[in-house]
Every structure is written in C-alpha cells, then in structure tokens.
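Here is input_26.pdb, consisting of PDB, C-alpha atoms and all ligand atoms:
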ATOM      1  CA  MET A 259     154.212 199.806  64.823
ATOM      2  CA  LEU A 260     155.501 197.324  67.385
ATOM      3  CA  ILE A 261     154.467 196.284  70.874
ATOM      4  CA  ASP A 262     157.150 195.522  73.431
ATOM      5  CA  THR A 263     155.158 192.831  75.235
ATOM      6  CA  HIS A 264     157.513 192.587  78.195
ATOM      7  CA  SER A 265     159.267 195.630  79.613
ATOM      8  CA  HIS A 266     160.105 196.826  83.112
ATOM      9  CA  VAL A 267     160.165 200.614  82.915
ATOM     10  CA  ASN A 268     158.454 200.227  86.308
ATOM     11  CA  PHE A 269     161.829 199.096  87.762
ATOM     12  CA  ASN A 270     164.346 201.274  89.611
ATOM     13  CA  ALA A 271     166.683 201.351  86.612
ATOM     14  CA  TYR A 272     164.361 204.075  85.221
ATOM     15  CA  LYS A 273     163.558 205.918  88.397
ATOM     16  CA  ASN A 274     164.973 209.165  87.010
ATOM     17  CA  ASP A 275     163.829 209.054  83.423
ATOM     18  CA  ALA A 276     160.877 206.668  82.999
ATOM     19  CA  ASP A 277     158.749 209.292  81.240
ATOM     20  CA  GLU A 278     161.528 210.152  78.779
ATOM     21  CA  VAL A 279     162.107 206.487  77.982
ATOM     22  CA  ILE A 280     158.395 205.890  77.463
ATOM     23  CA  ARG A 281     157.918 208.949  75.250
ATOM     24  CA  ARG A 282     160.923 208.001  73.123
ATOM     25  CA  SER A 283     159.237 204.701  72.487
ATOM     26  CA  LEU A 284     155.709 206.068  71.886
ATOM     27  CA  ASN A 285     157.061 208.719  69.504
ATOM     28  CA  ASN A 286     158.508 205.881  67.451
ATOM     29  CA  ASN A 287     155.194 204.052  67.435
ATOM     30  CA  ILE A 288     156.272 201.397  69.894
ATOM     31  CA  TRP A 289     153.806 200.471  72.621
ATOM     32  CA  MET A 290     154.680 198.539  75.743
ATOM     33  CA  ILE A 291     153.439 196.366  78.574
ATOM     34  CA  ASN A 292     155.300 196.990  81.825
ATOM     35  CA  VAL A 293     155.343 193.820  83.832
ATOM     36  CA  GLY A 294     155.319 193.530  87.628
ATOM     37  CA  SER A 295     157.545 191.102  89.504
ATOM     38  CA  GLN A 296     156.108 191.645  92.991
ATOM     39  CA  TYR A 297     153.491 193.872  94.612
ATOM     40  CA  SER A 298     155.479 197.135  94.588
ATOM     41  CA  THR A 299     156.587 196.849  90.951
ATOM     42  CA  SER A 300     153.118 195.679  89.892
ATOM     43  CA  LYS A 301     151.586 198.739  91.535
ATOM     44  CA  LYS A 302     154.162 200.968  89.872
ATOM     45  CA  ALA A 303     153.416 199.427  86.472
ATOM     46  CA  VAL A 304     149.722 200.262  86.918
ATOM     47  CA  GLU A 305     150.470 203.821  88.057
ATOM     48  CA  ILE A 306     152.711 204.425  85.053
ATOM     49  CA  ALA A 307     150.165 202.976  82.610
ATOM     50  CA  GLU A 308     147.441 205.233  83.972
ATOM     51  CA  GLU A 309     149.487 208.311  83.100
ATOM     52  CA  TYR A 310     149.299 207.665  79.359
ATOM     53  CA  PRO A 311     146.077 207.729  77.351
ATOM     54  CA  GLU A 312     147.334 205.087  74.929
ATOM     55  CA  GLY A 313     150.203 202.715  74.317
ATOM     56  CA  VAL A 314     151.318 201.884  77.870
ATOM     57  CA  TYR A 315     149.802 198.893  79.671
ATOM     58  CA  ALA A 316     150.563 196.844  82.776
ATOM     59  CA  ALA A 317     150.710 193.267  84.018
ATOM     60  CA  VAL A 318     150.557 192.365  87.706
ATOM     61  CA  GLY A 319     151.880 189.312  89.471
ATOM     62  CA  ILE A 320     154.576 187.832  91.631
ATOM     63  CA  HIS A 321     157.683 186.356  90.017
ATOM     64  CA  PRO A 322     158.879 183.072  91.579
ATOM     65  CA  ILE A 323     162.199 184.584  92.702
ATOM     66  CA  HIS A 324     160.295 186.891  95.046
ATOM     67  CA  LEU A 325     158.798 184.004  96.986
ATOM     68  CA  SER A 326     161.974 183.568  98.985
ATOM     69  CA  ARG A 327     164.823 185.686 100.149
ATOM     70  CA  GLY A 328     167.950 185.187  98.104
ATOM     71  CA  ILE A 329     170.518 186.662  95.807
ATOM     72  CA  PHE A 330     169.511 187.174  92.239
ATOM     73  CA  LYS A 331     172.287 187.670  89.745
ATOM     74  CA  THR A 332     171.606 188.963  86.324
ATOM     75  CA  LYS A 333     173.251 190.932  83.596
ATOM     76  CA  ILE A 334     172.437 194.373  82.278
ATOM     77  CA  ASP A 335     174.346 193.938  79.083
ATOM     78  CA  ALA A 336     178.014 193.452  80.018
ATOM     79  CA  GLU A 337     177.495 194.582  83.544
ATOM     80  CA  GLU A 338     176.581 191.884  86.051
ATOM     81  CA  ILE A 339     174.189 193.100  88.692
ATOM     82  CA  GLU A 340     173.164 191.442  91.894
ATOM     83  CA  PHE A 341     170.245 192.185  94.119
ATOM     84  CA  GLU A 342     168.720 190.622  97.134
ATOM     85  CA  THR A 343     165.144 189.528  96.647
ATOM     86  CA  ARG A 344     162.591 190.238  99.318
ATOM     87  CA  GLU A 345     160.309 187.490 100.430
ATOM     88  CA  GLU A 346     156.696 188.205  99.665
ATOM     89  CA  GLU A 347     153.510 186.238 100.081
ATOM     90  CA  PHE A 348     150.951 186.249  97.342
ATOM     91  CA  ASP A 349     147.909 188.202  98.473
ATOM     92  CA  TYR A 350     145.070 187.312  96.086
ATOM     93  CA  LYS A 351     142.851 190.201  97.141
ATOM     94  CA  LYS A 352     145.529 192.876  96.787
ATOM     95  CA  TYR A 353     146.553 191.712  93.323
ATOM     96  CA  LYS A 354     142.909 191.453  92.290
ATOM     97  CA  GLU A 355     142.404 195.054  93.320
ATOM     98  CA  LEU A 356     145.407 196.167  91.252
ATOM     99  CA  ALA A 357     144.146 194.170  88.292
ATOM    100  CA  GLY A 358     140.925 196.178  88.473
ATOM    101  CA  SER A 359     142.604 198.954  86.478
ATOM    102  CA  LYS A 360     141.552 199.007  82.827
ATOM    103  CA  LYS A 361     145.241 199.266  81.935
ATOM    104  CA  VAL A 362     146.025 195.818  83.343
ATOM    105  CA  VAL A 363     146.097 193.429  80.406
ATOM    106  CA  ALA A 364     147.643 190.312  81.981
ATOM    107  CA  ILE A 365     148.666 188.467  85.119
ATOM    108  CA  GLY A 366     152.444 188.210  85.128
ATOM    109  CA  GLU A 367     155.149 187.558  85.370
ATOM    110  CA  ILE A 368     154.435 184.237  87.007
ATOM    111  CA  GLY A 369     155.895 180.759  86.681
ATOM    112  CA  PHE A 370     158.814 178.634  87.759
ATOM    113  CA  ASP A 371     162.470 179.490  88.312
ATOM    114  CA  TYR A 372     164.707 176.585  89.342
ATOM    115  CA  TRP A 373     167.906 178.411  88.479
ATOM    116  CA  TYR A 374     167.469 180.864  91.328
ATOM    117  CA  ARG A 375     168.641 179.669  94.732
ATOM    118  CA  PRO A 376     166.917 180.893  97.893
ATOM    119  CA  LYS A 377     169.091 182.047 100.755
ATOM    120  CA  THR A 378     166.953 180.532 103.460
ATOM    121  CA  LYS A 379     167.547 176.860 104.174
ATOM    122  CA  VAL A 380     164.462 175.702 102.383
ATOM    123  CA  LYS A 381     164.777 172.367 100.590
ATOM    124  CA  LEU A 382     164.712 172.701  96.820
ATOM    125  CA  ALA A 383     161.803 170.253  96.519
ATOM    126  CA  GLU A 384     159.806 172.311  99.006
ATOM    127  CA  PHE A 385     160.629 175.535  97.196
ATOM    128  CA  LYS A 386     159.510 173.972  93.927
ATOM    129  CA  ASN A 387     156.207 172.918  95.504
ATOM    130  CA  TYR A 388     155.725 176.386  96.901
ATOM    131  CA  GLN A 389     156.374 177.969  93.503
ATOM    132  CA  LYS A 390     153.718 175.682  92.061
ATOM    133  CA  GLU A 391     151.212 176.496  94.794
ATOM    134  CA  VAL A 392     151.559 180.250  94.248
ATOM    135  CA  PHE A 393     151.560 179.797  90.473
ATOM    136  CA  LEU A 394     148.243 177.939  90.641
ATOM    137  CA  LYS A 395     146.705 180.696  92.774
ATOM    138  CA  GLN A 396     147.760 183.277  90.205
ATOM    139  CA  LEU A 397     146.280 181.157  87.414
ATOM    140  CA  GLU A 398     143.010 181.210  89.359
ATOM    141  CA  LEU A 399     143.174 184.997  89.451
ATOM    142  CA  ALA A 400     143.791 185.113  85.697
ATOM    143  CA  LYS A 401     140.796 182.843  85.145
ATOM    144  CA  GLU A 402     138.545 184.821  87.457
ATOM    145  CA  LEU A 403     139.409 188.056  85.666
ATOM    146  CA  ASN A 404     139.585 186.448  82.229
ATOM    147  CA  LEU A 405     143.103 187.779  81.676
ATOM    148  CA  PRO A 406     145.986 186.134  79.804
ATOM    149  CA  VAL A 407     149.153 185.118  81.666
ATOM    150  CA  ILE A 408     152.768 186.129  81.096
ATOM    151  CA  LEU A 409     154.841 183.092  81.965
ATOM    152  CA  HIS A 410     158.406 183.110  83.238
ATOM    153  CA  CYS A 411     160.229 179.775  83.104
ATOM    154  CA  ARG A 412     163.859 179.058  83.814
ATOM    155  CA  VAL A 413     165.172 175.473  83.745
ATOM    156  CA  ALA A 414     161.687 174.216  84.556
ATOM    157  CA  HIS A 415     159.889 173.581  81.270
ATOM    158  CA  ASN A 416     158.979 169.969  82.061
ATOM    159  CA  ASP A 417     157.286 170.951  85.310
ATOM    160  CA  LEU A 418     155.577 173.965  83.758
ATOM    161  CA  ILE A 419     154.194 171.908  80.868
ATOM    162  CA  GLU A 420     153.050 169.232  83.306
ATOM    163  CA  THR A 421     151.344 171.854  85.487
ATOM    164  CA  LEU A 422     149.641 173.601  82.571
ATOM    165  CA  THR A 423     148.387 170.450  80.839
ATOM    166  CA  PRO A 424     145.469 169.661  83.204
ATOM    167  CA  GLN A 425     144.734 173.406  83.484
ATOM    168  CA  ILE A 426     143.954 173.859  79.818
ATOM    169  CA  LYS A 427     141.677 170.778  79.691
ATOM    170  CA  ASN A 428     138.678 172.630  81.109
ATOM    171  CA  TYR A 429     139.655 176.251  80.654
ATOM    172  CA  LYS A 430     141.032 178.064  77.660
ATOM    173  CA  LEU A 431     144.005 179.692  79.298
ATOM    174  CA  ARG A 432     145.684 182.297  77.088
ATOM    175  CA  GLY A 433     149.219 183.556  77.454
ATOM    176  CA  VAL A 434     152.826 183.837  76.411
ATOM    177  CA  LEU A 435     156.054 182.084  77.319
ATOM    178  CA  HIS A 436     158.147 185.166  77.745
ATOM    179  CA  CYS A 437     161.929 185.158  77.111
ATOM    180  CA  PHE A 438     161.703 181.677  75.673
ATOM    181  CA  THR A 439     164.624 179.442  76.641
ATOM    182  CA  GLY A 440     163.225 175.987  75.909
ATOM    183  CA  THR A 441     163.683 173.503  73.090
ATOM    184  CA  LEU A 442     161.755 173.202  69.818
ATOM    185  CA  GLU A 443     159.784 170.351  71.406
ATOM    186  CA  ASP A 444     158.829 172.574  74.344
ATOM    187  CA  ALA A 445     157.836 175.398  72.001
ATOM    188  CA  LYS A 446     155.604 173.029  70.024
ATOM    189  CA  LYS A 447     153.900 171.853  73.206
ATOM    190  CA  TYR A 448     153.194 175.395  74.357
ATOM    191  CA  ILE A 449     151.876 176.364  70.937
ATOM    192  CA  GLU A 450     149.623 173.287  70.919
ATOM    193  CA  MET A 451     148.228 174.476  74.244
ATOM    194  CA  GLY A 452     147.470 177.823  72.614
ATOM    195  CA  PHE A 453     150.343 179.899  73.968
ATOM    196  CA  TYR A 454     152.492 182.434  72.172
ATOM    197  CA  ILE A 455     156.295 182.429  72.371
ATOM    198  CA  GLY A 456     158.143 185.633  73.281
ATOM    199  CA  PHE A 457     161.658 186.490  72.085
ATOM    200  CA  ASN A 458     163.980 189.308  73.089
ATOM    201  CA  GLY A 459     167.654 190.365  72.968
ATOM    202  CA  LEU A 460     168.724 186.978  74.275
ATOM    203  CA  ILE A 461     168.569 185.708  70.676
ATOM    204  CA  PHE A 462     171.567 187.923  69.874
ATOM    205  CA  LYS A 463     173.667 186.431  72.637
ATOM    206  CA  LEU A 464     173.104 182.770  71.854
ATOM    207  CA  ASN A 465     172.035 181.223  68.576
ATOM    208  CA  GLN A 466     170.339 178.144  70.011
ATOM    209  CA  TRP A 467     166.863 179.602  69.315
ATOM    210  CA  ASP A 468     167.508 180.468  65.655
ATOM    211  CA  GLU A 469     166.137 177.140  64.438
ATOM    212  CA  ILE A 470     163.079 177.469  66.661
ATOM    213  CA  ILE A 471     162.339 180.954  65.327
ATOM    214  CA  LYS A 472     162.687 179.615  61.779
ATOM    215  CA  LYS A 473     160.372 176.690  62.467
ATOM    216  CA  ILE A 474     157.482 178.119  64.483
ATOM    217  CA  PRO A 475     154.802 180.222  62.770
ATOM    218  CA  ILE A 476     155.183 184.001  62.970
ATOM    219  CA  GLU A 477     151.503 184.015  64.037
ATOM    220  CA  LYS A 478     152.678 182.549  67.350
ATOM    221  CA  ILE A 479     155.588 184.910  68.042
ATOM    222  CA  LEU A 480     155.649 188.009  70.255
ATOM    223  CA  VAL A 481     158.534 190.465  70.504
ATOM    224  CA  GLU A 482     159.718 191.966  73.770
ATOM    225  CA  THR A 483     162.758 193.560  75.419
ATOM    226  CA  ASP A 484     162.650 192.434  79.082
ATOM    227  CA  CYS A 485     164.379 195.782  79.608
ATOM    228  CA  PRO A 486     166.487 196.913  81.471
ATOM    229  CA  TYR A 487     168.077 193.495  80.808
ATOM    230  CA  LEU A 488     169.122 191.662  77.631
ATOM    231  CA  THR A 489     170.014 194.605  75.382
ATOM    232  CA  PRO A 490     169.876 193.557  71.704
ATOM    233  CA  LYS A 491     172.728 194.221  69.324
ATOM    234  CA  PRO A 492     173.908 196.731  68.186
ATOM    235  CA  MET A 493     172.843 198.659  71.300
ATOM    236  CA  VAL A 494     174.835 198.635  74.520
ATOM    237  CA  GLY A 495     174.057 199.603  78.097
ATOM    238  CA  ARG A 496     170.588 199.730  79.586
ATOM    239  CA  ASN A 497     167.883 198.279  77.390
ATOM    240  CA  GLU A 498     164.577 200.090  76.709
ATOM    241  CA  PRO A 499     161.298 199.438  74.837
ATOM    242  CA  LEU A 500     162.458 201.329  71.736
ATOM    243  CA  TYR A 501     165.085 198.640  71.105
ATOM    244  CA  VAL A 502     162.446 195.966  70.513
ATOM    245  CA  LYS A 503     162.819 196.889  66.834
ATOM    246  CA  TYR A 504     166.216 195.145  66.713
ATOM    247  CA  THR A 505     164.669 191.895  67.845
ATOM    248  CA  ALA A 506     161.942 192.287  65.224
ATOM    249  CA  GLU A 507     164.683 192.867  62.611
ATOM    250  CA  ARG A 508     166.553 189.742  63.675
ATOM    251  CA  ILE A 509     163.371 187.671  63.452
ATOM    252  CA  THR A 510     162.754 189.148  59.993
ATOM    253  CA  GLU A 511     166.207 187.933  58.888
ATOM    254  CA  LEU A 512     165.842 184.492  60.406
ATOM    255  CA  LYS A 513     162.404 183.894  58.947
ATOM    256  CA  ASN A 514     163.217 185.437  55.607
ATOM    257  CA  LEU A 515     160.178 187.691  55.689
ATOM    258  CA  ASN A 516     159.995 191.448  55.327
ATOM    259  CA  TYR A 517     160.098 193.784  58.286
ATOM    260  CA  ASP A 518     156.625 195.216  57.678
ATOM    261  CA  GLU A 519     155.091 191.758  57.783
ATOM    262  CA  VAL A 520     156.899 190.876  60.988
ATOM    263  CA  SER A 521     155.876 194.080  62.709
ATOM    264  CA  LYS A 522     152.308 193.848  61.477
ATOM    265  CA  ILE A 523     151.799 190.213  62.458
ATOM    266  CA  THR A 524     153.570 190.326  65.838
ATOM    267  CA  THR A 525     151.616 193.489  66.735
ATOM    268  CA  GLN A 526     148.384 191.787  65.739
ATOM    269  CA  ASN A 527     149.358 188.781  67.876
ATOM    270  CA  ALA A 528     149.935 191.026  70.892
ATOM    271  CA  LYS A 529     146.697 192.942  70.344
ATOM    272  CA  GLU A 530     144.742 189.728  70.080
ATOM    273  CA  LEU A 531     146.288 188.171  73.169
ATOM    274  CA  PHE A 532     146.132 191.210  75.432
ATOM    275  CA  LYS A 533     142.961 192.662  73.893
ATOM    276  CA  ILE A 534     144.474 196.087  73.328
TER     277      ILE A 534
HETATM  278 ZN    ZN B 601     160.739 190.194  83.023
END
This entry written out as structure tokens:
Amino acid sequence: MLIDTHSHVNFNAYKNDADEVIRRSLNNNIWMINVGSQYSTSKKAVEIAEEYPEGVYAAVGIHPIHLSRGIFKTKIDAEEIEFETREEEFDYKKYKELAGSKKVVAIGEIGFDYWYRPKTKVKLAEFKNYQKEVFLKQLELAKELNLPVILHCRVAHNDLIETLTPQIKNYKLRGVLHCFTGTLEDAKKYIEMGFYIGFNGLIFKLNQWDEIIKKIPIEKILVETDCPYLTPKPMVGRNEPLYVKYTAERITELKNLNYDEVSKITTQNAKELFKI
C-alpha cells in the first residue's frame, strides 16, 4: 500500500474521468489526499473525498499564486501549460467551514512562491509580505483545528524557515514540505522542526535531490505525485495517483532499501502525520 500525499484529482484536468482515475488507484491499494489551491478546488477536493468510504482525503487552503492575478506557467510532462490565476482573498470562516468535514486531513497547500510573478503592478516586496500575512492566517487555522499543514515553497526557503522558526517555539506544528526543492541544509532544518519532506516525479527530471534522499531518514519522507503535473518516468502524459509507485521505486533504489520497506514506512509516515 502507498499513500499519494499530494494529488489534484480535484483539478479540471480530471473533469471527465476523476472517478475512473481514483478507482484505478484504490484498486491498486493506493490512497490519496487531494489538495486544494483556492476555495473552489478546496471545496471540490472535499466533495470528492466524501464520495468514497475510504482512501480518499482532502486538504483545504489557498496557494500563494492565487493571491494575485497573474500568469502561471507549468508543465504537464512535456507539454507546457499556462493559466491565468484568479485573485482571491483568504476567508478564514469559509475555509474553517470546509475543514469541518471529517475527510479534511490538512490545511494546504499554503506557503511562499517567489518564482511566480503577479500581473498587477504590485511591488515584489509587498507581494512577499502579503504572502506571509495570508500564510500566517492559515497557520492559525491549522492550529485552531489541530491539523497538519502541507507547505508549498518555491525559491523562498530562507523566508519560510525564518517564518516557521518562531511558530514552532510555542506550538508543535506538524506538516510536510511538499515537492521539496531545497538544499540538504534546508531539509535538515525542516526535519529538526518536525516536518516531513515530500518527493514526487521531479526527482526523475533532475538529480539534484538524489543525495538528499540518500541522506535523510526514510522515517521523514513522504511520497506524492502532485498530479496532473510532474509525471514520473517511465510514464508520459497526464500524471495520476497510481504513478506514485514509480517515485517509491526510485527512492527504494536511491536508499538501497527494499520496496516493501519503503512503502510500509512512507505509508506509516503519512498515516501518522494526517491521522488516517
Ligand atoms: Zn500541488
């Protein structure tokens, strides 16, 4: 068994076949957490999770790229896609209501994204401050509901570590650095603070995280897909939760363990963190 700790079957890429994709995964003993990136996709993640008695969970939150209007470019495997982000304000009460569902196991994805450029003429420093302000509000929500956080961080690890450090002094914040892109030093700092580190198909595209995977304990690693993006080898096209097994296989190779151990321990890690 495996748990894809970060999927987006709640996104439009699956609007015609979400149920098929989910069943394919569940039939292969792979569970998933569909993660929201704004209110509409958070709501959708909850609705989807409520349709399945077991194995499908949700996270709700607002991703930093949705705090401003802009163009977001990303790749679905070889194909580059572009979409315009809508500007949304974080409404604490509305997200709290969504998080009332028993299927919601985390607040996420939340964090900092300095790679994304807003379209509006907001100064970068101001946009950074705004990201931090909204991030802190969402941490408050996580604390109030005693939920872990799913953290997104792109070219902003120093600021994220600096922001989290005082937070964990008086509260035992739990969570994961999803789609980890930092250095070994960053990973060590997050682990010291009690966080898990999430890896996905990105580790097939670049080998700069191989050493990190080798060096950090398997007890601190989560596997994920971030589907529909970042399809792991040997698959091509749209990613899906089922393909998380390829990432688990790659981690098995890098850490010189056996596959059963990797799946057992990473599943245990996810169950412990998300209390599922
Ligand atoms: Zn994501």
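The smallest atom-to-atom distance between Gly366 in chain A and any of A:Tyr429, A:Glu309, A:Ala445, A:Phe532, using all atoms listed in the file, is found for A:Phe532.
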Rows by chain and residue number, chain A within 12 Å of ligand ZN 601 (chain B), shortest pair, only C-alpha atoms and all ligand atoms, as a tab-separated table:
residue	atom	partner	partner_atom	distance
A:Asp262	CA	B:ZN601	ZN	11.5
A:Thr263	CA	B:ZN601	ZN	9.9
A:His264	CA	B:ZN601	ZN	6.3
A:Ser265	CA	B:ZN601	ZN	6.6
A:His266	CA	B:ZN601	ZN	6.7
A:Val267	CA	B:ZN601	ZN	10.4
A:Asn268	CA	B:ZN601	ZN	10.8
A:Phe269	CA	B:ZN601	ZN	10.1
A:Ile291	CA	B:ZN601	ZN	10.5
A:Asn292	CA	B:ZN601	ZN	8.8
A:Val293	CA	B:ZN601	ZN	6.6
A:Gly294	CA	B:ZN601	ZN	7.9
A:Ser295	CA	B:ZN601	ZN	7.3
A:Gln296	CA	B:ZN601	ZN	11.1
A:Thr299	CA	B:ZN601	ZN	11.2
A:Ser300	CA	B:ZN601	ZN	11.6
A:Ala317	CA	B:ZN601	ZN	10.5
A:Val318	CA	B:ZN601	ZN	11.4
A:Gly319	CA	B:ZN601	ZN	11.0
A:Ile320	CA	B:ZN601	ZN	10.8
A:His321	CA	B:ZN601	ZN	8.5
A:Pro322	CA	B:ZN601	ZN	11.3
A:Ile323	CA	B:ZN601	ZN	11.3
A:Thr332	CA	B:ZN601	ZN	11.4
A:Gly366	CA	B:ZN601	ZN	8.8
A:Glu367	CA	B:ZN601	ZN	6.6
A:Ile368	CA	B:ZN601	ZN	9.5
A:Gly369	CA	B:ZN601	ZN	11.2
A:Ile408	CA	B:ZN601	ZN	9.2
A:Leu409	CA	B:ZN601	ZN	9.3
A:His410	CA	B:ZN601	ZN	7.5
A:Cys411	CA	B:ZN601	ZN	10.4
A:Arg412	CA	B:ZN601	ZN	11.6
A:Leu435	CA	B:ZN601	ZN	11.0
A:His436	CA	B:ZN601	ZN	7.7
A:Cys437	CA	B:ZN601	ZN	7.9
A:Phe438	CA	B:ZN601	ZN	11.3
A:Gly456	CA	B:ZN601	ZN	11.1
A:Phe457	CA	B:ZN601	ZN	11.6
A:Asn458	CA	B:ZN601	ZN	10.5
A:Glu482	CA	B:ZN601	ZN	9.5
A:Thr483	CA	B:ZN601	ZN	8.6
A:Asp484	CA	B:ZN601	ZN	4.9
A:Cys485	CA	B:ZN601	ZN	7.5
A:Pro486	CA	B:ZN601	ZN	9.0
A:Tyr487	CA	B:ZN601	ZN	8.3
A:Leu488	CA	B:ZN601	ZN	10.1
Review point. Quick one: residues within 8 Å of Ser521 in chain A, only C-alpha atoms counted, chain neighbours fewer than 6 positions away excluded, as a ChimeraX atom specification?
Key: /A:259-260,506
Practice item. Could you please determine the separation between CA of Lys381 in chain A and CA of Thr441 in chain A in Å, to one decimal place? Key: 27.5 Å
Practice item. Starting from the shown file, work through the PyMOL selection byres (((chain A and resi 433) around 9) and not hetatm) and note down what comes out as JSON, numbers by chain. Key: {"A": [364, 405, 406, 407, 408, 409, 431, 432, 434, 435, 452, 453, 454, 455, 531, 532]}
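Counting all atoms listed in the file and comparing A:Phe393, A:Tyr350, A:Tyr517, A:Trp289, the residue that lies closest to Leu422 in chain A is A:Phe393.
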Exercise for review: Could you check how far CA of Ala400 in chain A sits from CA of Ile523 in chain A, in Å to one decimal?
Suggested key: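 Here the two named atoms are 25.1 Å from each other.
With CA of Pro499 in chain A on one side and CA of Asp277 in chain A on the other, the separation reads 12.0 Å.
With the shown file loaded, the PyMOL selection byres (((chain A and resi 463) around 9) and not hetatm) picks out Gly459, Leu460, Ile461, Phe462, Leu464, Asn465, Leu488, Pro490 and Lys491 of chain A.
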Review point. Quick one: of A:Tyr272, A:Ile476, A:Asn285, A:Trp467, who's nearest to Asn516 in chain A, counting only C-alpha atoms?
Key: A:Ile476
Exercise for review: Check which residues satisfy the PyMOL selection byres (((chain A and resi 470) around 10) and not hetatm) in the file shown, then give them as a list in words.
Suggested key: Gly440, Thr441, Leu442, Glu443, Ala445, Lys446, Asn465, Gln466, Trp467, Asp468, Glu469, Ile471, Lys472, Lys473, Ile474, Pro475 and Leu512 of chain A
